[in-house]
Amino acid sequence: DAGVTQSPTHLIKTRGQQVTLRCSPISGHKSVSWYQQVLGQGPQFIFQYYEKEERGRGNFPDRFSARQFPNYSSELNVNALLLGDSALYLCASSLTAGAYSGELFFGEGSRLTVL
Amino acid sequence: DQQVKQNSPSLSVQEGRISILNCDYTNSMFDYFLWYKKYPAEGPTFLISISSIKDKNEDGRFTVFLNKSAKHLSLHIVPSQPGDSAVYFCAASVTGNQFYFGTGTSLTVIP
């Protein structure tokens, strides 16, 4: 069975550009979460989607947006990139959302470098 | 504000001995805790979880202890193996939605 898949794995952008990251959850999982991991830090929550609805949003500016599609895949968009957006972006899926929904299954991440 | 803290950036242990990784949290509303292991160039891999109604959960060589009064949890690995060398993250949440991660502890198991 395929795990969580993310694309692209690596990308380089310049300041001010826009980026779209994609995620396919494990088959049967209906919840997708996005995390940002800056070098030397733990993952930081950005968004959670469940059944195509936003269920949670972390402390990130409005330049960050996401959506979930009917097939439960998801996209994370970041506009007007800043140098500080350089990070590993992790997508995680889980069966459901809410009370003790079980562990998060992470993809390998998309490494974004902003020059 | 760092609601989950792992104050030891690194830990070295001899093969066969016990590894103890610690995690502290500040939010008393947290009621679900996870431990993850991460190898370089890979996403975090789930290890073990515990809910606040328990104070211990065991899975093979891995045991997690939760001390709610001290807002502290720990992961014990016995016996430690070289393949356990990785970065370990603890994570906490309220009812399993948004997870707050610590900064990680890099474990090295020396053969």
# chains A, B, ... in the order shown; residues from 1 in each chain; ligands from 1

$ interface_residues --of "chain A" --to "chain B" --cutoff "12 Å" --atoms "only C-alpha atoms" --output "PyMOL selection string"
chain A and resi 3-6+9-10+31-50+54-59+88-111

$ select_by_dssp --residues "region 23-108 of chain B" --states "strand (DSSP E or B)" --output "MDAnalysis selection string"
chainID B and resid 23:25 32:38 45:51 56:59 62:67 72:77 86:93 99:101 105:108

$ atom_distance --atom1 "CA of Ile77 (chain B)" --atom2 "CA of Ile18 (chain B)"
5.7 Å

$ atom_distance --atom1 "CA of Ser74 (chain A)" --atom2 "CA of Pro61 (chain A)"
18.8 Å

$ decode --residues "region 10-36 of chain A" --atoms "N, CA, C and O atoms" --output "CSV table (one decimal), in the first residue's frame"
chain,number,residue,atom,x,y,z
A,10,HIS,N,11.8,18.5,-3.9
A,10,HIS,CA,12.7,19.6,-3.7
A,10,HIS,C,12.3,20.7,-4.7
A,10,HIS,O,11.9,20.4,-5.8
A,11,LEU,N,12.4,21.9,-4.3
A,11,LEU,CA,12.2,23.0,-5.2
A,11,LEU,C,12.9,24.3,-4.7
A,11,LEU,O,13.0,24.5,-3.5
A,12,ILE,N,13.3,25.1,-5.6
A,12,ILE,CA,13.9,26.4,-5.3
A,12,ILE,C,13.1,27.5,-6.0
A,12,ILE,O,12.8,27.4,-7.1
A,13,LYS,N,12.8,28.5,-5.2
A,13,LYS,CA,12.1,29.7,-5.6
A,13,LYS,C,12.8,30.9,-5.2
A,13,LYS,O,13.7,30.9,-4.4
A,14,THR,N,12.4,32.0,-5.8
A,14,THR,CA,12.9,33.3,-5.4
A,14,THR,C,11.9,34.1,-4.6
A,14,THR,O,10.7,33.8,-4.7
A,15,ARG,N,12.4,35.1,-3.8
A,15,ARG,CA,11.5,35.9,-3.0
A,15,ARG,C,10.4,36.5,-3.9
A,15,ARG,O,10.6,36.9,-5.0
A,16,GLY,N,9.2,36.5,-3.4
A,16,GLY,CA,8.0,37.1,-4.1
A,16,GLY,C,7.3,36.1,-4.9
A,16,GLY,O,6.1,36.4,-5.3
A,17,GLN,N,7.9,35.0,-5.2
A,17,GLN,CA,7.2,34.0,-6.1
A,17,GLN,C,6.1,33.2,-5.3
A,17,GLN,O,6.0,33.4,-4.0
A,18,GLN,N,5.4,32.4,-5.9
A,18,GLN,CA,4.3,31.6,-5.3
A,18,GLN,C,4.7,30.1,-5.5
A,18,GLN,O,5.4,29.7,-6.5
A,19,VAL,N,4.3,29.3,-4.6
A,19,VAL,CA,4.6,27.9,-4.7
A,19,VAL,C,3.3,27.0,-4.3
A,19,VAL,O,2.5,27.5,-3.5
A,20,THR,N,3.2,25.9,-5.0
A,20,THR,CA,2.1,25.0,-4.7
A,20,THR,C,2.7,23.6,-4.4
A,20,THR,O,3.4,23.1,-5.2
A,21,LEU,N,2.4,23.1,-3.3
A,21,LEU,CA,2.8,21.8,-2.8
A,21,LEU,C,1.6,20.8,-2.8
A,21,LEU,O,0.6,21.2,-2.4
A,22,ARG,N,1.9,19.6,-3.2
A,22,ARG,CA,0.8,18.6,-3.3
A,22,ARG,C,1.0,17.4,-2.4
A,22,ARG,O,2.1,17.0,-2.2
A,23,CYS,N,-0.1,16.8,-2.0
A,23,CYS,CA,-0.1,15.7,-1.1
A,23,CYS,C,-1.2,14.7,-1.4
A,23,CYS,O,-2.4,15.1,-1.6
A,24,SER,N,-0.9,13.4,-1.4
A,24,SER,CA,-1.9,12.4,-1.6
A,24,SER,C,-1.9,11.5,-0.3
A,24,SER,O,-0.8,11.0,0.0
A,25,PRO,N,-3.0,11.5,0.4
A,25,PRO,CA,-3.0,10.7,1.7
A,25,PRO,C,-3.0,9.2,1.4
A,25,PRO,O,-3.2,8.8,0.3
A,26,ILE,N,-2.9,8.5,2.5
A,26,ILE,CA,-3.0,7.0,2.4
A,26,ILE,C,-4.5,6.7,2.0
A,26,ILE,O,-5.4,7.4,2.5
A,27,SER,N,-4.6,5.7,1.2
A,27,SER,CA,-6.0,5.3,0.8
A,27,SER,C,-6.9,5.1,2.0
A,27,SER,O,-6.5,4.3,2.9
A,28,GLY,N,-8.0,5.7,2.0
A,28,GLY,CA,-9.0,5.5,3.1
A,28,GLY,C,-8.9,6.6,4.1
A,28,GLY,O,-9.8,6.7,5.0
A,29,HIS,N,-7.8,7.4,4.1
A,29,HIS,CA,-7.6,8.5,5.1
A,29,HIS,C,-8.4,9.7,4.6
A,29,HIS,O,-8.2,10.1,3.4
A,30,LYS,N,-9.1,10.3,5.4
A,30,LYS,CA,-9.9,11.5,5.0
A,30,LYS,C,-9.4,12.8,5.6
A,30,LYS,O,-9.9,13.8,5.2
A,31,SER,N,-8.4,12.7,6.4
A,31,SER,CA,-7.9,14.0,7.0
A,31,SER,C,-6.5,14.2,6.5
A,31,SER,O,-5.6,13.3,6.5
A,32,VAL,N,-6.2,15.4,6.2
A,32,VAL,CA,-4.8,15.8,5.8
A,32,VAL,C,-4.4,17.0,6.6
A,32,VAL,O,-5.2,18.0,6.7
A,33,SER,N,-3.2,17.0,7.1
A,33,SER,CA,-2.6,18.1,7.9
A,33,SER,C,-1.3,18.5,7.2
A,33,SER,O,-0.6,17.7,6.6
A,34,TRP,N,-1.0,19.8,7.3
A,34,TRP,CA,0.3,20.3,6.8
A,34,TRP,C,1.1,20.9,8.0
A,34,TRP,O,0.5,21.6,8.9
A,35,TYR,N,2.4,20.6,7.9
A,35,TYR,CA,3.3,21.1,8.9
A,35,TYR,C,4.5,21.7,8.3
A,35,TYR,O,5.0,21.2,7.2
A,36,GLN,N,5.1,22.7,8.9
A,36,GLN,CA,6.3,23.3,8.4
A,36,GLN,C,7.4,23.0,9.4
A,36,GLN,O,7.3,23.1,10.6
